[in-house]
file target34.txt (compact mmCIF, C-alpha atoms)
# COMPACT_ATOMS: atom_id res chain seq x y z
CA MET E 1 12.80 -3.54 1.13
CA SER E 2 13.81 -6.86 -0.40
CA SER E 3 15.34 -6.97 -3.87
CA THR E 4 12.19 -8.64 -5.20
CA ASN E 5 10.22 -5.49 -4.42
CA VAL E 6 12.59 -3.05 -6.12
CA ILE E 7 10.72 -1.48 -9.02
CA ARG E 8 12.26 -1.40 -12.46
CA ILE E 9 10.62 -0.24 -15.67
CA ASP E 10 11.54 -2.13 -18.84
CA VAL E 11 9.52 -0.93 -21.82
CA ALA E 12 10.82 -3.64 -24.15
CA LYS E 13 9.74 -6.42 -21.76
CA VAL E 14 6.31 -4.86 -21.26
CA ILE E 15 5.74 -4.72 -25.03
CA GLN E 16 6.94 -8.29 -25.44
CA SER E 17 4.61 -9.53 -22.71
CA ARG E 18 1.61 -7.67 -24.14
CA ALA E 19 2.28 -8.50 -27.81
CA PRO E 20 4.59 -11.56 -27.93
CA LYS E 21 3.98 -12.23 -31.64
CA VAL E 22 4.55 -8.65 -32.79
CA LYS E 23 8.02 -7.48 -33.79
CA VAL E 24 8.18 -3.84 -32.73
CA PRO E 25 10.89 -1.76 -34.45
CA LYS E 26 13.71 -0.69 -32.16
CA PHE E 27 13.20 3.01 -32.89
CA ILE E 28 9.63 2.77 -31.57
CA ILE E 29 10.83 1.05 -28.39
CA ASN E 30 13.45 3.76 -27.91
CA TYR E 31 10.83 6.46 -28.45
CA LEU E 32 8.53 4.89 -25.87
CA ARG E 33 11.44 4.59 -23.44
CA ARG E 34 12.00 8.32 -23.81
CA ILE E 35 8.39 9.44 -23.34
CA VAL E 36 7.89 7.22 -20.28
CA HIS E 37 11.26 8.40 -18.89
CA GLU E 38 12.46 4.86 -18.25
CA ASN E 39 15.97 5.88 -17.15
CA GLU E 40 14.82 8.67 -14.82
CA PHE E 41 12.25 6.45 -13.11
CA ASN E 42 14.70 3.59 -12.66
CA ASP E 43 17.35 5.92 -11.20
CA PHE E 44 14.81 7.27 -8.72
CA PHE E 45 13.57 3.81 -7.72
CA ARG E 46 17.16 2.59 -7.25
CA LEU E 47 17.98 5.48 -4.92
CA ASN E 48 14.79 5.17 -2.85
CA THR E 49 14.34 1.45 -2.32
CA ASP E 50 13.75 1.78 1.44
CA LEU E 51 11.03 4.46 1.37
CA LYS E 52 7.29 3.88 1.55
CA ASN E 53 4.04 5.82 1.36
CA LEU E 54 4.37 9.48 2.47
CA ASP E 55 8.18 9.32 2.70
CA PHE E 56 8.36 7.91 -0.83
CA ILE E 57 6.08 10.67 -2.17
CA GLU E 58 8.07 13.36 -0.36
CA SER E 59 11.28 12.10 -1.93
CA ALA E 60 9.61 12.09 -5.36
CA PHE E 61 8.61 15.74 -4.92
CA LYS E 62 12.19 16.64 -4.01
CA TYR E 63 13.43 14.78 -7.07
CA LEU E 64 11.01 16.72 -9.30
CA GLN E 65 11.57 19.96 -7.32
CA ILE E 66 7.83 20.29 -6.81
CA SER E 67 6.30 22.32 -3.99
CA LEU E 68 2.71 22.56 -2.77
CA ARG E 69 0.71 25.52 -1.50
CA ILE E 70 -2.54 25.15 0.46
CA GLU E 71 -5.52 27.50 0.44
CA GLY E 72 -8.50 26.96 2.72
CA GLU E 73 -6.56 24.95 5.28
CA GLU E 74 -9.02 26.21 7.89
CA ASN E 75 -11.73 24.25 6.07
CA LEU E 76 -10.04 20.91 6.69
CA PRO E 77 -12.27 18.94 9.09
CA PRO E 78 -11.07 17.68 12.49
CA LYS E 79 -9.16 14.41 12.74
CA SER E 80 -12.22 12.69 14.11
CA GLY E 81 -14.75 11.58 11.52
CA ARG E 82 -14.43 10.03 8.07
CA TYR E 83 -14.46 12.09 4.89
CA ILE E 84 -14.46 11.81 1.12
CA PHE E 85 -12.26 14.42 -0.57
CA ALA E 86 -13.65 14.98 -4.09
CA SER E 87 -11.32 16.76 -6.49
CA ASN E 88 -10.92 17.82 -10.09
CA HIS E 89 -8.24 15.89 -11.96
CA PRO E 90 -6.18 18.21 -14.19
CA LEU E 91 -2.90 16.27 -14.37
CA GLY E 92 -3.79 12.60 -14.29
CA GLY E 93 -1.52 11.26 -11.53
CA LEU E 94 0.67 13.89 -9.95
CA ASP E 95 -2.36 15.77 -8.64
CA GLY E 96 -3.69 12.64 -6.97
CA VAL E 97 -0.39 11.87 -5.31
CA ALA E 98 -0.01 15.48 -4.13
CA THR E 99 -3.51 15.67 -2.65
CA GLY E 100 -3.15 12.28 -1.01
CA TYR E 101 0.19 13.37 0.43
CA LEU E 102 -1.20 16.56 2.00
CA ILE E 103 -4.19 14.74 3.50
CA GLY E 104 -1.98 11.91 4.70
CA LYS E 105 0.32 14.37 6.48
CA ARG E 106 -2.66 16.10 8.06
CA TYR E 107 -4.42 12.93 9.20
CA GLU E 108 -1.47 10.83 10.37
CA GLY E 109 -1.33 8.64 7.29
CA LYS E 110 -5.03 7.72 7.39
CA VAL E 111 -5.71 8.30 3.71
CA ARG E 112 -6.45 6.12 0.71
CA PHE E 113 -6.88 7.40 -2.81
CA PHE E 114 -8.31 5.88 -5.94
CA SER E 115 -5.82 5.52 -8.76
CA ASN E 116 -5.27 3.99 -12.17
CA ASP E 117 -3.35 0.80 -12.98
CA LEU E 118 -0.08 2.67 -13.51
CA LEU E 119 0.16 3.93 -9.93
CA THR E 120 -1.17 0.76 -8.32
CA ASN E 121 1.93 -1.05 -9.57
CA LEU E 122 4.09 1.16 -7.33
CA TYR E 123 4.97 -1.15 -4.45
CA PRO E 124 6.17 1.65 -2.10
CA MET E 125 2.71 3.27 -2.25
CA LYS E 126 0.55 0.15 -2.33
CA ASP E 127 -0.85 0.73 1.18
CA MET E 128 -2.31 4.08 0.13
CA LEU E 129 -3.73 3.18 -3.28
CA VAL E 130 -7.12 1.80 -4.25
CA PRO E 131 -7.33 0.42 -7.82
CA VAL E 132 -10.11 1.96 -9.90
CA ASN E 133 -12.65 -0.64 -10.99
CA LYS E 134 -12.69 0.48 -14.63
CA PHE E 135 -15.03 -2.16 -16.00
CA GLY E 136 -17.69 -1.83 -13.34
CA THR E 137 -17.56 -5.50 -12.43
CA GLN E 138 -19.02 -6.18 -9.02
CA SER E 139 -17.49 -9.46 -7.92
CA LYS E 140 -18.03 -10.46 -4.31
CA ALA E 141 -14.33 -9.90 -3.59
CA HIS E 142 -14.40 -6.38 -5.05
CA ALA E 143 -17.63 -5.49 -3.25
CA SER E 144 -16.17 -6.76 0.03
CA ARG E 145 -12.98 -4.69 -0.44
CA MET E 146 -15.01 -1.56 -1.16
CA ARG E 147 -17.21 -2.11 1.88
CA GLU E 148 -14.15 -2.52 4.13
CA LEU E 149 -12.64 0.62 2.61
CA TYR E 150 -15.68 2.81 3.21
CA GLU E 151 -16.24 1.38 6.70
CA SER E 152 -12.61 2.04 7.68
CA ASP E 153 -11.41 5.17 9.47
CA ASN E 154 -9.33 6.21 6.46
CA HIS E 155 -10.16 9.40 4.61
CA LEU E 156 -10.73 8.81 0.90
CA VAL E 157 -9.57 10.92 -2.04
CA THR E 158 -11.57 10.45 -5.22
CA TYR E 159 -11.62 11.88 -8.73
CA PRO E 160 -15.24 11.49 -9.89
CA ALA E 161 -14.41 12.24 -13.53
CA GLY E 162 -12.45 8.98 -13.66
CA MET E 163 -9.84 10.46 -16.01
CA CYS E 164 -7.79 13.63 -16.23
CA SER E 165 -9.19 16.88 -17.59
CA ARG E 166 -9.51 17.60 -21.29
CA LYS E 167 -9.79 20.85 -23.23
CA GLN E 168 -13.41 21.52 -24.16
CA ASN E 169 -14.66 24.66 -25.87
CA GLY E 170 -11.39 26.38 -25.09
CA LYS E 171 -11.53 25.53 -21.36
CA ILE E 172 -9.59 22.87 -19.48
CA CYS E 173 -11.93 20.99 -17.18
CA ASP E 174 -13.05 17.53 -16.13
CA LEU E 175 -15.50 15.48 -18.12
CA GLU E 176 -18.73 14.42 -16.40
CA TRP E 177 -18.42 13.54 -12.73
CA LYS E 178 -19.86 10.10 -11.97
CA LYS E 179 -22.38 9.80 -9.14
CA ASN E 180 -20.67 6.99 -7.22
CA PHE E 181 -19.04 9.29 -4.66
CA ILE E 182 -22.44 10.76 -3.81
CA SER E 183 -24.09 7.38 -3.30
CA LYS E 184 -21.17 6.20 -1.14
CA ALA E 185 -21.22 9.39 0.92
CA VAL E 186 -24.88 8.80 1.76
CA GLU E 187 -24.57 5.05 2.28
CA TYR E 188 -21.59 5.34 4.65
CA GLN E 189 -22.48 8.74 6.10
CA ARG E 190 -19.26 10.43 5.05
CA ASP E 191 -19.21 14.19 4.55
CA ILE E 192 -17.62 15.41 1.31
CA VAL E 193 -14.78 17.93 1.21
CA PRO E 194 -14.53 19.70 -2.18
CA VAL E 195 -10.97 20.12 -3.50
CA TYR E 196 -9.69 22.22 -6.37
CA PHE E 197 -6.24 21.42 -7.76
CA GLU E 198 -4.71 24.21 -9.80
CA GLY E 199 -2.75 22.81 -12.73
CA ARG E 200 -2.74 21.83 -16.40
CA ASN E 201 -0.94 19.58 -18.84
CA SER E 202 0.81 20.80 -21.98
CA GLY E 203 -0.93 22.08 -25.09
CA PHE E 204 0.38 19.01 -26.93
CA PHE E 205 -1.54 16.71 -24.58
CA TYR E 206 -4.88 18.43 -25.20
CA LYS E 207 -4.34 18.70 -28.96
CA LEU E 208 -3.52 15.00 -29.15
CA ALA E 209 -6.62 14.11 -27.11
CA ASN E 210 -8.87 16.20 -29.37
CA LEU E 211 -7.26 14.81 -32.54
CA ARG E 212 -7.72 11.26 -31.30
CA LYS E 213 -11.38 11.99 -30.58
CA LEU E 214 -11.86 13.65 -33.99
CA LEU E 215 -10.45 10.57 -35.72
CA GLY E 216 -12.78 8.31 -33.75
CA ILE E 217 -9.97 6.39 -32.04
CA LYS E 218 -11.24 4.89 -28.79
CA PHE E 219 -7.85 3.99 -27.32
CA ASN E 220 -6.64 6.91 -25.17
CA ILE E 221 -3.33 7.49 -26.94
CA GLU E 222 -2.68 10.63 -24.91
CA MET E 223 -2.50 8.58 -21.70
CA MET E 224 0.83 7.17 -22.92
CA TYR E 225 2.26 10.67 -22.45
CA LEU E 226 1.23 11.18 -18.81
CA ALA E 227 4.69 10.27 -17.51
CA ASP E 228 6.21 12.81 -19.90
CA GLU E 229 3.63 15.36 -18.77
CA MET E 230 4.62 14.74 -15.15
CA PHE E 231 8.28 15.47 -15.88
CA LYS E 232 7.22 18.68 -17.66
CA GLN E 233 5.88 19.86 -14.28
CA LYS E 234 9.39 19.76 -12.79
CA GLY E 235 10.18 22.79 -10.63
CA LYS E 236 6.58 24.01 -10.36
CA THR E 237 4.48 25.03 -7.38
CA PHE E 238 0.91 23.77 -7.23
CA THR E 239 -1.96 25.30 -5.29
CA ILE E 240 -4.53 22.99 -3.69
CA LYS E 241 -7.72 24.60 -2.40
CA PHE E 242 -9.98 22.99 0.20
CA GLY E 243 -13.61 24.01 0.51
CA LYS E 244 -15.93 23.65 3.48
CA PRO E 245 -17.18 20.11 4.18
CA ILE E 246 -20.62 19.24 2.80
CA SER E 247 -22.78 17.10 5.07
CA TRP E 248 -23.83 13.78 3.55
CA GLN E 249 -27.37 14.70 4.60
CA THR E 250 -27.31 17.48 1.98
CA PHE E 251 -27.74 14.91 -0.77
CA ASP E 252 -31.47 14.36 -0.40
CA LYS E 253 -34.18 13.48 -2.93
CA SER E 254 -34.54 17.07 -4.16
CA LYS E 255 -31.96 16.20 -6.85
CA SER E 256 -30.90 12.96 -8.46
CA GLN E 257 -27.45 11.68 -7.50
CA VAL E 258 -26.22 12.58 -10.98
CA GLN E 259 -27.41 16.16 -10.40
CA TRP E 260 -25.79 16.27 -6.96
CA ALA E 261 -22.50 15.11 -8.50
CA GLN E 262 -22.70 17.97 -11.02
CA TRP E 263 -23.56 20.36 -8.17
CA VAL E 264 -20.40 19.40 -6.27
CA LYS E 265 -18.35 19.64 -9.48
CA ASP E 266 -19.66 23.18 -10.08
CA LEU E 267 -18.80 24.06 -6.49
CA VAL E 268 -15.23 22.82 -6.98
CA TYR E 269 -14.72 24.89 -10.14
CA LYS E 270 -16.10 27.99 -8.43
CA MET E 271 -13.17 27.61 -6.01
CA ALA E 272 -10.84 28.34 -8.92

call {"tool": "encode", "arguments": {"input": "target34.txt", "output": "structure tokens"}}
result
Amino acid sequence: MSSTNVIRIDVAKVIQSRAPKVKVPKFIINYLRRIVHENEFNDFFRLNTDLKNLDFIESAFKYLQISLRIEGEENLPPKSGRYIFASNHPLGGLDGVATGYLIGKRYEGKVRFFSNDLLTNLYPMKDMLVPVNKFGTQSKAHASRMRELYESDNHLVTYPAGMCSRKQNGKICDLEWKKNFISKAVEYQRDIVPVYFEGRNSGFFYKLANLRKLLGIKFNIEMMYLADEMFKQKGKTFTIKFGKPISWQTFDKSKSQVQWAQWVKDLVYKMA
């Protein structure tokens, strides 16, 4: 990898570029550096400059001492065909990378997974990542990219909630699943494989999210702590459960696509 592609996180420069006229106190910059684990990330990137895609992810798991356990491996469909793997999203990044890694290993690297802006800046994984279209804009270029993606022979990993799980009524679960994965399954005749990822963030994360909501703050402050949450998972083993594939023909007119999305979500949580 050329030196121009070596990743380096610099919190101070990011703040300066986003708010050039604002003088941010040094103690705040240092605090942000700590919660995003600037030093740890930069050390890892420096030691793994030549790795890409699955090899890069595997090295990251070794660095974090994370291991994965599979249940329902017999439900994984054959290598022929094209599938959408629809999963809950408890962690907000690590779960997506882990699921994409397992599917990529199973299907000879033929996997793409939807991700947020943070992950799509990771050059070593850029071939595997599909940026989430947060604002719903449907430019011709975006529509063309999506059509190529769904027509390709890559298996797709999606998180229909669009954001990581929150604590609601004492239970940690996804917010509403959007219907897009249902409509795409039907349009491109891709069967859906339900996936349940067993994991949770810290109590602090959920309390902060609920406090932010209570105060009416729209900016997702808790998302700033996702890197810190990832490092809190160090040394853990995660279980990923695969359910039986659901034929795209299942999603008929007997339910609306919104109802079908909820039906698949319920099916995923029953796997818990």

call {"tool": "closest_residue", "arguments": {"input": "target34.txt", "among": "E:Ala98, E:Ile240, E:Cys173, E:Ile7", "to": "Phe113 in chain E", "atoms": "only C-alpha atoms"}}
result
E:Ala98

call {"tool": "residues_around", "arguments": {"input": "target34.txt", "residues": "Leu54 in chain E", "least_positions_apart": "6", "cutoff": "10 Å", "atoms": "all atoms listed in the file", "output": "PyMOL selection string"}}
result
chain E and resi 60+97-98+100-102+104-105+108-109+124-125+128

call {"tool": "residues_around", "arguments": {"input": "target34.txt", "residues": "Ala261 in chain E", "least_positions_apart": "4", "cutoff": "9 Å", "atoms": "all atoms listed in the file", "output": "mmCIF file with C-alpha atoms, in the frame of the given file"}}
result
data_model
loop_
_atom_site.group_PDB
_atom_site.id
_atom_site.type_symbol
_atom_site.label_atom_id
_atom_site.label_comp_id
_atom_site.auth_asym_id
_atom_site.auth_seq_id
_atom_site.Cartn_x
_atom_site.Cartn_y
_atom_site.Cartn_z
ATOM 1 C CA PRO E 160 -15.240 11.490 -9.890
ATOM 2 C CA GLU E 176 -18.730 14.420 -16.400
ATOM 3 C CA TRP E 177 -18.420 13.540 -12.730
ATOM 4 C CA LYS E 178 -19.860 10.100 -11.970
ATOM 5 C CA LYS E 179 -22.380 9.800 -9.140
ATOM 6 C CA ASN E 180 -20.670 6.990 -7.220
ATOM 7 C CA PHE E 181 -19.040 9.290 -4.660
ATOM 8 C CA ILE E 182 -22.440 10.760 -3.810
ATOM 9 C CA SER E 256 -30.900 12.960 -8.460
ATOM 10 C CA GLN E 257 -27.450 11.680 -7.500
ATOM 11 C CA LYS E 265 -18.350 19.640 -9.480
ATOM 12 C CA ASP E 266 -19.660 23.180 -10.080
#

call {"tool": "residues_around", "arguments": {"input": "target34.txt", "residues": "Lys167 in chain E", "least_positions_apart": "5", "cutoff": "9 Å", "atoms": "all atoms listed in the file", "output": "PDB file with C-alpha atoms, in the coordinates of the input"}}
result
ATOM      1  CA  ILE E 172      -9.590  22.870 -19.480  1.00  0.00           C
ATOM      2  CA  CYS E 173     -11.930  20.990 -17.180  1.00  0.00           C
ATOM      3  CA  ASP E 174     -13.050  17.530 -16.130  1.00  0.00           C
ATOM      4  CA  TYR E 206      -4.880  18.430 -25.200  1.00  0.00           C
ATOM      5  CA  LYS E 207      -4.340  18.700 -28.960  1.00  0.00           C
ATOM      6  CA  ALA E 209      -6.620  14.110 -27.110  1.00  0.00           C
ATOM      7  CA  ASN E 210      -8.870  16.200 -29.370  1.00  0.00           C
TER       8      ASN E 210
END

call {"tool": "atom_distance", "arguments": {"input": "target34.txt", "atom1": "CA of Gln189 in chain E", "atom2": "CA of Ile70 in chain E"}}
result
26.4 Å

call {"tool": "residues_around", "arguments": {"input": "target34.txt", "residues": "range 216-227 of chain E", "least_positions_apart": "2", "cutoff": "12 Å", "atoms": "all atoms listed in the file", "output": "number ranges by chain"}}
result
E: 11, 31-38, 40-41, 90-95, 116-119, 163-166, 200-214, 229-234

call {"tool": "residues_around", "arguments": {"input": "target34.txt", "residues": "Asn154 in chain E", "least_positions_apart": "2", "cutoff": "12 Å", "atoms": "all atoms listed in the file", "output": "list in words"}}
result
Lys79, Ser80, Gly81, Arg82, Tyr83, Ile84, Phe85, Gly100, Ile103, Gly104, Tyr107, Glu108, Gly109, Lys110, Val111, Arg112, Phe113, Asp127, Met128, Leu129, Val130, Glu148, Leu149, Tyr150, Glu151, Ser152, Leu156, Val157 and Arg190 of chain E

call {"tool": "closest_residue", "arguments": {"input": "target34.txt", "among": "E:Tyr159, E:Phe61, E:Phe56, E:Tyr188", "to": "Tyr123 in chain E", "atoms": "only C-alpha atoms"}}
result
E:Phe56

call {"tool": "residues_near_point", "arguments": {"input": "target34.txt", "point": "(11.9, 22.2, -11.4)", "cutoff": "6 Å", "atoms": "all atoms listed in the file", "output": "PyMOL selection string"}}
result
chain E and resi 64-65+234-236
